[in-house]
Structures are given as structure tokens and as C-alpha cells.
>>> print(open('coords_22.cif').read())   # mmCIF, C-alpha atoms and all ligand atoms
data_start
loop_
_atom_site.label_atom_id
_atom_site.label_comp_id
_atom_site.auth_asym_id
_atom_site.auth_seq_id
_atom_site.Cartn_x
_atom_site.Cartn_y
_atom_site.Cartn_z
CA MET A 1 85.63 32.59 51.24
CA LYS A 2 82.67 33.19 48.98
CA PHE A 3 82.50 35.04 45.69
CA LYS A 4 79.69 36.51 43.59
CA ILE A 5 78.40 35.05 40.34
CA LEU A 6 75.91 36.76 38.04
CA VAL A 7 73.34 34.23 36.88
CA MET A 8 70.67 34.51 34.18
CA GLU A 9 67.81 32.68 35.86
CA GLU A 10 65.42 33.17 32.94
CA ILE A 11 65.00 35.58 30.02
CA GLY A 12 65.05 39.07 31.55
CA GLN A 13 65.87 37.77 35.01
CA LEU A 14 69.32 38.24 36.48
CA ALA A 15 70.43 37.48 40.02
CA LEU A 16 73.61 37.31 42.05
CA ARG A 17 74.50 33.97 43.60
CA GLU A 18 77.42 33.05 45.82
CA ALA A 19 79.77 30.09 45.90
CA GLU A 20 82.99 29.01 47.59
CA ILE A 21 86.14 30.07 45.73
CA PRO A 22 87.37 26.92 43.96
CA LYS A 23 90.94 25.55 43.85
CA PRO A 24 92.56 25.20 40.43
CA GLY A 25 93.01 21.58 39.34
CA LYS A 26 95.68 20.14 37.08
CA GLY A 27 96.28 22.43 34.10
CA GLN A 28 93.96 25.12 35.44
CA VAL A 29 94.36 28.64 36.75
CA LEU A 30 92.11 30.60 39.05
CA VAL A 31 91.49 34.09 37.66
CA LYS A 32 90.41 37.03 39.77
CA ILE A 33 88.18 38.85 37.30
CA GLU A 34 88.22 42.62 37.33
CA ASN A 35 85.95 43.45 34.38
CA CYS A 36 83.61 41.63 32.04
CA ASN A 37 82.09 43.43 29.09
CA ILE A 38 78.49 42.75 28.09
CA CYS A 39 78.51 41.30 24.57
CA THR A 40 75.62 41.86 22.16
CA THR A 41 74.84 38.15 22.49
CA ASP A 42 74.56 38.56 26.29
CA TRP A 43 71.98 41.36 26.26
CA GLN A 44 70.08 39.79 23.37
CA ASN A 45 69.77 36.60 25.43
CA TRP A 46 68.65 38.74 28.37
CA ASN A 47 65.93 40.69 26.55
CA GLY A 48 64.70 37.65 24.63
CA MET A 49 65.68 38.92 21.16
CA ARG A 50 67.40 35.60 20.46
CA GLY A 51 64.54 33.52 21.84
CA LYS A 52 65.88 30.70 23.96
CA SER A 53 68.77 30.17 21.46
CA ASN A 54 69.86 26.77 22.82
CA LYS A 55 70.28 28.26 26.27
CA SER A 56 69.08 26.24 29.18
CA PHE A 57 68.38 28.46 32.14
CA PRO A 58 69.76 29.19 34.64
CA TYR A 59 73.23 29.82 33.23
CA ALA A 60 76.20 32.02 34.10
CA PRO A 61 76.85 34.52 31.26
CA GLY A 62 80.09 36.28 30.35
CA HIS A 63 82.94 35.60 27.95
CA GLU A 64 84.62 39.03 27.58
CA ALA A 65 86.46 38.85 30.89
CA ALA A 66 89.84 40.10 32.04
CA GLY A 67 91.66 40.07 35.35
CA THR A 68 94.74 38.69 37.08
CA ILE A 69 95.98 35.20 37.86
CA GLU A 70 95.22 34.46 41.49
CA GLU A 71 96.37 30.84 41.77
CA ILE A 72 98.08 28.35 39.48
CA GLY A 73 97.31 24.62 39.33
CA GLU A 74 99.71 21.75 38.80
CA GLY A 75 101.27 21.50 35.35
CA VAL A 76 100.81 25.13 34.32
CA TYR A 77 103.96 26.83 33.07
CA GLY A 78 104.74 30.27 31.69
CA PHE A 79 102.31 32.20 33.88
CA ASN A 80 102.79 33.85 37.25
CA VAL A 81 100.43 34.90 39.99
CA GLY A 82 99.46 38.52 39.35
CA ASP A 83 99.81 38.37 35.54
CA HIS A 84 97.21 40.42 33.69
CA ILE A 85 95.23 38.19 31.41
CA ALA A 86 92.12 37.99 29.27
CA VAL A 87 90.05 34.91 28.57
CA GLY A 88 89.89 33.19 25.18
CA TYR A 89 88.22 30.04 23.87
CA THR A 90 90.73 27.78 22.21
CA GLY A 91 89.56 24.17 22.03
CA CYS A 92 91.13 21.05 23.53
CA GLY A 93 94.39 21.44 21.60
CA TYR A 94 94.73 17.81 20.58
CA CYS A 95 91.77 16.81 18.37
CA GLU A 96 92.08 16.71 14.56
CA GLU A 97 90.63 20.24 14.13
CA CYS A 98 92.73 21.81 16.90
CA ARG A 99 95.90 20.28 15.48
CA VAL A 100 95.40 22.11 12.18
CA GLY A 101 94.70 25.33 14.04
CA ASN A 102 90.93 25.27 13.52
CA THR A 103 90.28 25.40 17.25
CA LYS A 104 86.82 26.95 16.94
CA ALA A 105 85.67 23.69 15.33
CA CYS A 106 87.13 21.62 18.21
CA LYS A 107 85.55 18.15 18.23
CA THR A 108 86.01 17.49 21.93
CA PRO A 109 82.89 18.37 23.91
CA LYS A 110 83.58 21.52 25.94
CA GLU A 111 84.39 20.79 29.55
CA LYS A 112 81.57 22.54 31.32
CA THR A 113 82.17 24.46 34.49
CA THR A 114 79.21 23.84 36.76
CA ILE A 115 78.76 25.48 40.14
CA ASP A 116 75.72 24.53 42.23
CA GLY A 117 73.96 23.24 39.12
CA VAL A 118 74.66 26.37 37.07
CA SER A 119 76.84 26.12 33.94
CA GLY A 120 78.16 28.78 31.60
CA GLY A 121 81.04 31.09 30.85
CA PHE A 122 81.21 32.60 34.37
CA GLY A 123 82.85 35.76 33.02
CA MET A 124 80.47 37.91 35.06
CA SER A 125 81.79 36.51 38.33
CA GLN A 126 84.49 37.60 40.72
CA TYR A 127 86.51 34.42 40.16
CA MET A 128 86.72 31.92 37.33
CA LEU A 129 88.54 28.63 36.83
CA ILE A 130 89.93 28.13 33.36
CA ASN A 131 92.27 25.85 31.46
CA LYS A 132 95.78 27.14 30.84
CA ASN A 133 95.31 27.24 27.05
CA GLN A 134 92.46 29.74 27.43
CA VAL A 135 94.65 32.30 29.21
CA PHE A 136 96.13 35.15 27.14
CA GLU A 137 98.64 37.48 28.67
CA MET A 138 97.80 41.18 28.32
CA ASN A 139 99.83 44.34 28.77
CA PRO A 140 99.53 45.25 32.48
CA ASP A 141 99.22 48.92 31.50
CA LEU A 142 96.01 48.18 29.60
CA PRO A 143 92.87 48.82 31.68
CA PHE A 144 90.93 45.61 32.33
CA GLU A 145 87.81 46.80 30.48
CA GLU A 146 89.99 47.20 27.37
CA ALA A 147 91.71 43.84 27.90
CA GLY A 148 88.16 42.41 27.93
CA TYR A 149 88.06 43.15 24.20
CA LEU A 150 90.23 40.10 23.48
CA GLU A 151 87.36 37.95 22.19
CA PRO A 152 85.66 40.62 20.00
CA VAL A 153 89.01 41.66 18.48
CA SER A 154 89.91 38.01 17.81
CA THR A 155 86.68 37.54 15.81
CA ALA A 156 87.55 40.58 13.68
CA VAL A 157 91.07 39.20 13.13
CA HIS A 158 89.48 35.91 12.05
CA GLY A 159 87.22 37.66 9.53
CA ILE A 160 89.90 39.93 8.06
CA ARG A 161 92.20 36.91 7.70
CA LYS A 162 89.44 35.25 5.67
CA LEU A 163 89.33 38.30 3.35
CA ASP A 164 93.11 37.99 2.97
CA PRO A 165 93.63 41.60 1.82
CA LYS A 166 96.78 42.85 0.14
CA PRO A 167 98.48 46.00 1.43
CA GLY A 168 96.80 49.05 -0.10
CA ASP A 169 93.48 47.31 -0.81
CA TYR A 170 90.37 49.42 -0.29
CA LEU A 171 88.07 48.15 2.41
CA LEU A 172 84.67 49.48 3.48
CA VAL A 173 83.15 48.69 6.86
CA ILE A 174 79.37 49.10 6.93
CA GLY A 175 78.19 50.10 10.40
CA ALA A 176 80.33 52.00 12.93
CA GLY A 177 79.04 50.13 15.97
CA ASN A 178 81.35 48.38 18.35
CA MET A 179 82.35 45.58 15.98
CA GLY A 180 82.45 47.91 12.97
CA LEU A 181 85.12 50.08 14.58
CA VAL A 182 87.06 47.02 15.79
CA ASN A 183 86.98 45.55 12.26
CA ALA A 184 88.06 48.89 10.78
CA GLN A 185 91.13 49.02 13.03
CA VAL A 186 92.10 45.41 12.35
CA ALA A 187 91.73 45.94 8.58
CA LYS A 188 93.96 49.00 8.84
CA ALA A 189 96.55 46.92 10.70
CA PHE A 190 96.46 44.47 7.78
CA GLY A 191 97.41 47.35 5.45
CA CYS A 192 94.02 48.28 4.00
CA ASN A 193 92.78 51.77 3.11
CA VAL A 194 89.68 51.73 5.29
CA PHE A 195 86.52 53.82 5.17
CA VAL A 196 83.28 53.48 7.05
CA SER A 197 79.57 53.76 6.25
CA GLU A 198 77.28 55.02 9.03
CA VAL A 199 74.09 57.09 9.43
CA ASP A 200 74.17 57.93 13.15
CA GLU A 201 75.75 61.35 13.81
CA LYS A 202 77.42 60.32 17.10
CA ARG A 203 78.93 57.24 15.52
CA ILE A 204 80.06 59.25 12.49
CA ALA A 205 81.85 61.69 14.82
CA LEU A 206 83.53 58.84 16.74
CA SER A 207 84.68 57.16 13.52
CA LYS A 208 86.18 60.42 12.30
CA SER A 209 87.92 60.99 15.64
CA MET A 210 89.53 57.56 15.15
CA GLY A 211 90.85 58.69 11.77
CA PHE A 212 88.37 57.04 9.38
CA SER A 213 86.64 58.67 6.41
CA VAL A 214 82.89 58.19 6.70
CA MET A 215 80.16 58.06 4.10
CA ASN A 216 76.59 58.55 5.18
CA PRO A 217 74.16 56.64 2.95
CA ALA A 218 71.35 58.99 4.09
CA THR A 219 73.07 62.02 2.55
CA ASP A 220 75.90 60.77 0.31
CA ASN A 221 75.62 58.98 -2.99
CA ILE A 222 77.44 55.85 -1.87
CA VAL A 223 78.58 54.79 -5.33
CA ASP A 224 80.13 58.22 -6.01
CA PHE A 225 81.67 58.39 -2.53
CA ALA A 226 83.26 54.94 -2.92
CA LYS A 227 84.56 55.88 -6.37
CA GLU A 228 86.14 59.03 -5.02
CA PHE A 229 87.65 57.38 -1.92
CA THR A 230 89.19 54.58 -3.97
CA LYS A 231 90.33 56.96 -6.75
CA GLY A 232 88.25 55.05 -9.28
CA HIS A 233 89.72 51.65 -8.33
CA GLY A 234 86.59 50.36 -6.58
CA VAL A 235 86.07 48.69 -3.22
CA ASP A 236 88.05 45.44 -2.89
CA HIS A 237 86.47 44.30 0.39
CA VAL A 238 83.30 45.08 2.29
CA VAL A 239 82.77 44.06 5.91
CA VAL A 240 79.06 44.09 6.77
CA ALA A 241 79.23 44.79 10.50
CA VAL A 242 75.54 45.40 11.08
CA GLY A 243 72.90 42.70 10.81
CA ASN A 244 70.26 44.19 8.53
CA THR A 245 69.11 43.75 4.93
CA LYS A 246 69.77 47.37 3.90
CA ALA A 247 73.40 47.16 4.99
CA THR A 248 73.82 43.90 3.09
CA ASP A 249 72.25 45.45 -0.06
CA GLN A 250 74.65 48.38 0.24
CA ALA A 251 77.67 46.06 0.19
CA PHE A 252 76.75 44.74 -3.25
CA GLU A 253 76.09 48.23 -4.59
CA VAL A 254 79.69 49.27 -3.98
CA VAL A 255 81.89 46.15 -4.13
CA ARG A 256 84.04 46.01 -7.26
CA LYS A 257 84.16 43.17 -9.77
CA GLY A 258 86.07 40.29 -8.20
CA GLY A 259 85.68 41.85 -4.75
CA LYS A 260 84.83 40.17 -1.48
CA VAL A 261 81.94 40.71 0.92
CA LEU A 262 82.35 39.51 4.49
CA LEU A 263 79.11 38.93 6.40
CA PHE A 264 80.30 39.59 9.93
CA ALA A 265 77.09 40.40 11.80
CA ALA A 266 74.04 38.36 12.68
CA GLY A 267 70.67 40.12 12.92
CA TYR A 268 67.40 39.30 14.66
CA PRO A 269 65.25 38.89 12.60
CA SER A 270 67.79 37.50 10.13
CA PRO A 271 68.77 39.84 7.27
CA GLU A 272 67.95 38.81 3.68
CA LEU A 273 70.37 38.47 0.79
CA ASN A 274 68.67 40.21 -2.18
CA LEU A 275 70.84 38.86 -4.94
CA ASP A 276 70.33 37.07 -8.19
CA VAL A 277 72.93 34.48 -9.07
CA ASN A 278 73.80 36.17 -12.39
CA LYS A 279 75.03 39.21 -10.50
CA ILE A 280 77.33 37.07 -8.40
CA HIS A 281 78.46 35.21 -11.52
CA TYR A 282 79.20 38.29 -13.64
CA GLY A 283 80.52 40.20 -10.63
CA ASN A 284 82.99 37.42 -9.80
CA TRP A 285 82.14 38.13 -6.19
CA HIS A 286 83.26 36.21 -3.12
CA ILE A 287 80.63 36.08 -0.40
CA ILE A 288 82.16 35.00 2.90
CA GLY A 289 80.60 34.28 6.26
CA THR A 290 82.51 34.53 9.49
CA GLY A 291 81.98 34.03 13.19
CA GLY A 292 84.19 33.01 16.09
CA ALA A 293 87.97 32.85 16.19
CA ASN A 294 90.85 30.39 16.33
CA VAL A 295 93.71 30.24 18.77
CA GLY A 296 96.03 32.16 16.43
CA ASP A 297 93.44 34.92 16.09
CA TYR A 298 93.32 35.28 19.89
CA GLN A 299 97.09 35.47 19.98
CA LEU A 300 97.22 38.28 17.41
CA ALA A 301 94.30 40.05 19.12
CA SER A 302 96.16 40.02 22.45
CA GLN A 303 99.16 41.56 20.67
CA TYR A 304 97.05 44.23 18.90
CA LEU A 305 95.36 45.27 22.16
CA SER A 306 98.57 45.15 24.17
CA ASP A 307 100.62 47.24 21.74
CA GLY A 308 97.86 49.76 20.93
CA THR A 309 97.30 48.72 17.30
CA VAL A 310 93.63 48.32 18.23
CA VAL A 311 92.34 50.93 20.66
CA THR A 312 89.01 50.34 22.41
CA LYS A 313 89.09 53.11 25.00
CA ASN A 314 86.44 55.12 23.13
CA LEU A 315 84.22 52.08 22.65
CA ILE A 316 83.41 51.65 26.32
CA SER A 317 80.27 53.67 27.06
CA TYR A 318 79.82 52.79 30.74
CA LYS A 319 81.57 51.03 33.61
CA ILE A 320 78.94 49.71 36.02
CA PRO A 321 79.44 47.88 39.34
CA LEU A 322 78.40 44.21 39.33
CA GLU A 323 75.60 44.87 41.88
CA ASP A 324 73.90 47.18 39.38
CA TYR A 325 73.56 44.37 36.84
CA ASN A 326 70.03 45.34 35.77
CA LYS A 327 71.09 48.88 34.97
CA ALA A 328 74.16 47.57 33.16
CA PHE A 329 72.11 45.26 30.91
CA GLU A 330 69.54 48.00 30.24
CA LEU A 331 72.32 50.35 29.15
CA ALA A 332 73.95 47.63 27.03
CA ALA A 333 70.62 47.08 25.23
CA THR A 334 70.03 50.81 24.66
CA PRO A 335 70.52 51.69 20.97
CA GLY A 336 73.51 53.97 20.37
CA ASN A 337 75.58 52.71 23.29
CA TYR A 338 78.83 50.88 22.72
CA ARG A 339 80.13 48.32 25.26
CA VAL A 340 79.05 48.36 28.88
CA SER A 341 81.68 46.94 31.23
CA LEU A 342 80.77 45.27 34.51
CA VAL A 343 83.21 46.06 37.31
CA MET A 344 83.47 42.99 39.51
CA TRP A 345 84.86 44.43 42.73
CA ASN A 346 83.55 47.27 44.80
CA LYS A 347 86.94 48.47 46.04
CA ALA A 348 85.44 50.26 49.04
CA LYS A 349 83.19 47.37 50.15
CA ASP A 350 84.78 44.07 49.10
CA ASN A 351 88.26 44.44 50.55
ZN ZN B 401 81.46 38.60 22.67
ZN ZN B 402 90.00 20.17 19.94
#
>>> encode(input="coords_22.cif", output="C-alpha cells")
Amino acid sequence: MKFKILVMEEIGQLALREAEIPKPGKGQVLVKIENCNICTTDWQNWNGMRGKSNKSFPYAPGHEAAGTIEEIGEGVYGFNVGDHIAVGYTGCGYCEECRVGNTKACKTPKEKTTIDGVSGGFGMSQYMLINKNQVFEMNPDLPFEEAGYLEPVSTAVHGIRKLDPKPGDYLLVIGAGNMGLVNAQVAKAFGCNVFVSEVDEKRIALSKSMGFSVMNPATDNIVDFAKEFTKGHGVDHVVVAVGNTKATDQAFEVVRKGGKVLLFAAGYPSPELNLDVNKIHYGNWHIIGTGGANVGDYQLASQYLSDGTVVTKNLISYKIPLEDYNKAFELAATPGNYRVSLVMWNKAKDN
């Protein structure tokens, strides 16, 4: 039997290909994918915003995938056919970095899945072969498009762990986009008093509906707002969840002495850091970069999504059938939209 694979043939050029459904080898499982969400990196590769960014075309995009286990290979324990799972990226498990838990710095070259000369993540396919350590069990009551949030939530967990907040700390998230509102929820789960900075009215309304106080730098005096929200204490942590220079400047206007600024988002073109060293010195500031996630971050993310600590229902703007891939990518790249989820199976047509 054949299955469909979405392939990025070139910048701006997507196509569906077909291949035979593979058999899981030793230590592998075959996943029947139900949904794959289009990450910012995916649509920015598609519309050329990231240039060629080390991509060699054609490749099979997709890393925010969720589905069920269809078949289990030899030597895989603890999973059953039919389990709801999401896909994570967790290293080889036995190199020096993996053994200290730093799986995102795994030293073993990634085993590449290649089908008919095409390599990639294969999340935007109807089936996917993966290693057992990349499989994370998800609550079967959670819709697949929400389970597909495993990877984005794990990166927020990774960043908030780096900030290492204490319960009751004040934390500001700049930018109420997809990752801003994921970071805000994770920070809240870590015990922070969280507020959000955003200028877009729709995003402000969504943030408020999720229970967050919002300051609007277009209309509020951000220094006064932060002072009032923190009852004069000052902002302990700032997560910059939007990749632009203005947002980065804002972080250093409000962070308190000794506070931490987490640079979560990349921007194209790259944002600038307008800081003189004396300010960092006298401010006793910590400036922290983050990206990616380790195996323990995936594990906590699967728990947060499964038990409803992090809710992503409102962050999914559209669910689009796989065949309408061009429309899906256009919507994903449209400013103001949150995640667009590709639905892999046309229930009426496929079976
Ligand atoms: Zn992603
Ligand atoms: Zn490793």
C-alpha cells in the first residue's frame, strides 16, 4: 500500500509524492500520522525568508506531528499498537552529551530517513518511521493537532528551565504569538506571575481570554505598567518571544536589576542588541539564549499537554487537509494567524 508524503521540491514549491509503507526495523515504530502543524521554520523555508538555510532540496518537512502507533518493531517495549503519541527529537541516548541529558547536543550524526532520495522529518506524511526514544505518549483524549504541540512546548520548557524562576517571580513575555502564549503558560506552571506585552488587538484579546494581564506598548507606558503589575518589585524575567529589535529593546527597559532576559525568538533579518556593556554591568543582568529542547523537556511537555497545564486549543487557527498544502502554507505565512494544522487523512476518501 502506498502513502502520501509532502515534499518541498524547492523554495516555494511543494508537491505530494507517494511511497510504499515501510516496515519498522529493530527499535523502530511505524506511526500513522493524523496531524502535523506547520512550524514558523517550515513556512519561512517555504517562502524563502530563511534563504536556503542549510536545506538541500528536495526534502520532506514536518516535525510537529502526532498520530497513533501502527506497528512495532523488534526490541520496542512499553508501547502498544493504537497508542496516541507525538514525535520528539531526543538524540542517540548513549553519547557523552546524551548521557548527561543534553540530548539536543547529541554527537552522533542523526540517522537520516531517506525515501526515494528524499530526506527530512517526514512529519507531513501519512506514515513515518521513528526510533522508539523519539515517541512520547499523549493523552488519547487530546486532539491530534494539540498533541502536535509537543515540540514547541518542549522548547518553552527548555527556556523557562534556563531562567530557573522561583515561585512568585514576575515574568513578562514580549509578543503574544504562538510561542509567546506557550511560554506564558509554561512560566505560569513554574509558579511565575506572568504578564504579556502585545500590540495586536486580536492577540491582546486572546491573551486576556487565557487569563493574562496585557500591556500594550503602543498605548501604555511600559515602565509604569510593569511597576504596577509587580507592585514595585520589578520584572525578574523577560522572555522575548518575537524576533525584532524593538521587542529586544523593550526587555531591557523593564527588567529589574539582577534580572534575566531570555532571547527565545529568531528573526529574519536578525534583531540587534542595542546595549552598552556598562548597562549590563551595572544592571547585573543575565542575558540568555535558548533554542531546542532536551529529552526531559519533551517528557514534561507531554505531561503538560496531556494534563491540560498547557492548553493550545485556541492557538490553532486552521485545520487544512493535506491535499490543500499550498493553501495551508499560505495561511501559515499570513501575519496574525497562529498555527495551521495539516490533516493527513481525508476520512471520506482514504478509507
Ligand atoms: Zn517547530
Ligand atoms: Zn547522543
>>> residues_near_ligand(input="coords_22.cif", ligand="ligand ZN 401 (chain B)", cutoff="12 Å", atoms="all atoms listed in the file", output="NGL selection string")
:A and (36-44 or 61-65 or 87-89 or 121 or 123 or 148-156 or 178-179 or 265 or 291-293 or 339-341)
>>> residues_near_ligand(input="coords_22.cif", ligand="ligand ZN 402 (chain B)", cutoff="9 Å", atoms="only C-alpha atoms and all ligand atoms", output="ChimeraX atom specification")
/A:90-99,102-110
>>> atom_distance(input="coords_22.cif", atom1="atom CA of A:Lys313", atom2="atom CA of A:Gly177")
13.8 Å
>>> closest_residue(input="coords_22.cif", among="A:Ile5, A:Ile174, A:Leu163, A:Val135", to="A:Asp200", atoms="only C-alpha atoms")
A:Ile174
>>> closest_residue(input="coords_22.cif", among="A:Met49, A:Pro24, A:Asn314, A:Thr290", to="A:Arg203", atoms="all atoms listed in the file")
A:Asn314
>>> residues_near_point(input="coords_22.cif", point="(90.7, 47.7, 5.5)", cutoff="12 Å", atoms="all atoms listed in the file", output="mmCIF file with C-alpha atoms, in the coordinates of the input")
data_model
loop_
_atom_site.group_PDB
_atom_site.id
_atom_site.type_symbol
_atom_site.label_atom_id
_atom_site.label_comp_id
_atom_site.auth_asym_id
_atom_site.auth_seq_id
_atom_site.Cartn_x
_atom_site.Cartn_y
_atom_site.Cartn_z
ATOM 1 C CA ALA A 156 87.550 40.580 13.680
ATOM 2 C CA VAL A 157 91.070 39.200 13.130
ATOM 3 C CA GLY A 159 87.220 37.660 9.530
ATOM 4 C CA ILE A 160 89.900 39.930 8.060
ATOM 5 C CA ARG A 161 92.200 36.910 7.700
ATOM 6 C CA LEU A 163 89.330 38.300 3.350
ATOM 7 C CA ASP A 164 93.110 37.990 2.970
ATOM 8 C CA PRO A 165 93.630 41.600 1.820
ATOM 9 C CA LYS A 166 96.780 42.850 0.140
ATOM 10 C CA PRO A 167 98.480 46.000 1.430
ATOM 11 C CA GLY A 168 96.800 49.050 -0.100
ATOM 12 C CA ASP A 169 93.480 47.310 -0.810
ATOM 13 C CA TYR A 170 90.370 49.420 -0.290
ATOM 14 C CA LEU A 171 88.070 48.150 2.410
ATOM 15 C CA LEU A 172 84.670 49.480 3.480
ATOM 16 C CA VAL A 173 83.150 48.690 6.860
ATOM 17 C CA ILE A 174 79.370 49.100 6.930
ATOM 18 C CA GLY A 180 82.450 47.910 12.970
ATOM 19 C CA LEU A 181 85.120 50.080 14.580
ATOM 20 C CA VAL A 182 87.060 47.020 15.790
ATOM 21 C CA ASN A 183 86.980 45.550 12.260
ATOM 22 C CA ALA A 184 88.060 48.890 10.780
ATOM 23 C CA GLN A 185 91.130 49.020 13.030
ATOM 24 C CA VAL A 186 92.100 45.410 12.350
ATOM 25 C CA ALA A 187 91.730 45.940 8.580
ATOM 26 C CA LYS A 188 93.960 49.000 8.840
ATOM 27 C CA ALA A 189 96.550 46.920 10.700
ATOM 28 C CA PHE A 190 96.460 44.470 7.780
ATOM 29 C CA GLY A 191 97.410 47.350 5.450
ATOM 30 C CA CYS A 192 94.020 48.280 4.000
ATOM 31 C CA ASN A 193 92.780 51.770 3.110
ATOM 32 C CA VAL A 194 89.680 51.730 5.290
ATOM 33 C CA PHE A 195 86.520 53.820 5.170
ATOM 34 C CA VAL A 196 83.280 53.480 7.050
ATOM 35 C CA PHE A 212 88.370 57.040 9.380
ATOM 36 C CA SER A 213 86.640 58.670 6.410
ATOM 37 C CA THR A 230 89.190 54.580 -3.970
ATOM 38 C CA VAL A 235 86.070 48.690 -3.220
ATOM 39 C CA ASP A 236 88.050 45.440 -2.890
ATOM 40 C CA HIS A 237 86.470 44.300 0.390
ATOM 41 C CA VAL A 238 83.300 45.080 2.290
ATOM 42 C CA VAL A 239 82.770 44.060 5.910
ATOM 43 C CA LYS A 260 84.830 40.170 -1.480
ATOM 44 C CA LEU A 262 82.350 39.510 4.490
#
>>> residues_near_point(input="coords_22.cif", point="(86.1, 29.5, 41.0)", cutoff="10 Å", atoms="only C-alpha atoms", output="short mmCIF file (atom, residue, chain, number, x, y, z; two decimals) with C-alpha atoms, in the frame of the given file")
data_model
loop_
_atom_site.label_atom_id
_atom_site.label_comp_id
_atom_site.auth_asym_id
_atom_site.auth_seq_id
_atom_site.Cartn_x
_atom_site.Cartn_y
_atom_site.Cartn_z
CA LYS A 2 82.67 33.19 48.98
CA PHE A 3 82.50 35.04 45.69
CA LYS A 4 79.69 36.51 43.59
CA ILE A 5 78.40 35.05 40.34
CA ALA A 19 79.77 30.09 45.90
CA GLU A 20 82.99 29.01 47.59
CA ILE A 21 86.14 30.07 45.73
CA PRO A 22 87.37 26.92 43.96
CA LYS A 23 90.94 25.55 43.85
CA PRO A 24 92.56 25.20 40.43
CA VAL A 29 94.36 28.64 36.75
CA LEU A 30 92.11 30.60 39.05
CA VAL A 31 91.49 34.09 37.66
CA LYS A 32 90.41 37.03 39.77
CA THR A 113 82.17 24.46 34.49
CA THR A 114 79.21 23.84 36.76
CA ILE A 115 78.76 25.48 40.14
CA PHE A 122 81.21 32.60 34.37
CA SER A 125 81.79 36.51 38.33
CA GLN A 126 84.49 37.60 40.72
CA TYR A 127 86.51 34.42 40.16
CA MET A 128 86.72 31.92 37.33
CA LEU A 129 88.54 28.63 36.83
CA ILE A 130 89.93 28.13 33.36
#
>>> residues_around(input="coords_22.cif", residues="A:Pro321", least_positions_apart="2", cutoff="6 Å", atoms="all atoms listed in the file", output="list in words")
Glu323, Asp324, Leu342 and Val343 of chain A
>>> residues_around(input="coords_22.cif", residues="A:Ile85", least_positions_apart="4", cutoff="9 Å", atoms="all atoms listed in the file", output="PyMOL selection string")
chain A and resi 31+65-69+135-140+144+147-148
>>> residues_around(input="coords_22.cif", residues="A:Glu10", least_positions_apart="6", cutoff="9 Å", atoms="all atoms listed in the file", output="list of chain:residue names")
A:Trp46, A:Ser56, A:Phe57, A:Pro58, A:Tyr59
>>> residues_around(input="coords_22.cif", residues="A:Glu330", least_positions_apart="4", cutoff="9 Å", atoms="only C-alpha atoms", output="list in words")
Trp43, Asn47, Tyr325, Asn326 and Thr334 of chain A
>>> residues_around(input="coords_22.cif", residues="A:Leu273", least_positions_apart="5", cutoff="9 Å", atoms="only C-alpha atoms", output="list in words")
Thr245, Thr248 and Asp249 of chain A
>>> closest_residue(input="coords_22.cif", among="A:Leu322, A:Lys55, A:Asn131, A:Lys347", to="A:Leu6", atoms="all atoms listed in the file")
A:Leu322
>>> closest_residue(input="coords_22.cif", among="A:Ile288, A:Ala218, A:Leu14, A:Ala60", to="A:Ser119", atoms="only C-alpha atoms")
A:Ala60
>>> atom_distance(input="coords_22.cif", atom1="atom CA of A:Val223", atom2="atom CA of A:Glu253")
7.1 Å
>>> atom_distance(input="coords_22.cif", atom1="atom CA of A:Arg50", atom2="atom CA of A:Pro269")
8.8 Å
>>> closest_residue(input="coords_22.cif", among="A:Val81, A:Ile316, A:Ala301, A:Val311", to="A:Leu331", atoms="all atoms listed in the file")
A:Ile316
>>> decode(input="coords_22.cif", residues="stretch 8-19 of chain A", atoms="N, CA and C atoms", output="tab-separated table (two decimals), in the first residue's frame")
chain	number	residue	atom	x	y	z
A	8	MET	N	9.09	19.37	-0.09
A	8	MET	CA	9.46	20.70	-0.56
A	8	MET	C	10.51	20.52	-1.64
A	9	GLU	N	10.07	20.70	-2.89
A	9	GLU	CA	10.95	20.44	-4.03
A	9	GLU	C	12.00	21.56	-4.17
A	10	GLU	N	11.57	22.77	-3.87
A	10	GLU	CA	12.40	23.96	-3.98
A	10	GLU	C	11.73	25.01	-3.10
A	11	ILE	N	12.38	26.16	-2.91
A	11	ILE	CA	11.71	27.25	-2.18
A	11	ILE	C	10.40	27.56	-2.90
A	12	GLY	N	9.31	27.60	-2.14
A	12	GLY	CA	8.01	27.95	-2.70
A	12	GLY	C	7.33	26.86	-3.50
A	13	GLN	N	7.92	25.69	-3.52
A	13	GLN	CA	7.39	24.63	-4.39
A	13	GLN	C	7.17	23.34	-3.61
A	14	LEU	N	5.89	23.09	-3.32
A	14	LEU	CA	5.53	21.87	-2.60
A	14	LEU	C	4.88	20.89	-3.56
A	15	ALA	N	5.01	19.60	-3.25
A	15	ALA	CA	4.34	18.58	-4.07
A	15	ALA	C	4.10	17.35	-3.22
A	16	LEU	N	3.08	16.59	-3.59
A	16	LEU	CA	2.84	15.31	-2.92
A	16	LEU	C	3.52	14.21	-3.70
A	17	ARG	N	4.25	13.36	-2.98
A	17	ARG	CA	4.82	12.16	-3.60
A	17	ARG	C	4.22	10.95	-2.91
A	18	GLU	N	4.44	9.79	-3.47
A	18	GLU	CA	3.94	8.56	-2.86
A	18	GLU	C	5.06	7.57	-2.68
A	19	ALA	N	4.94	6.74	-1.65
A	19	ALA	CA	5.91	5.66	-1.45
A	19	ALA	C	5.21	4.48	-0.79
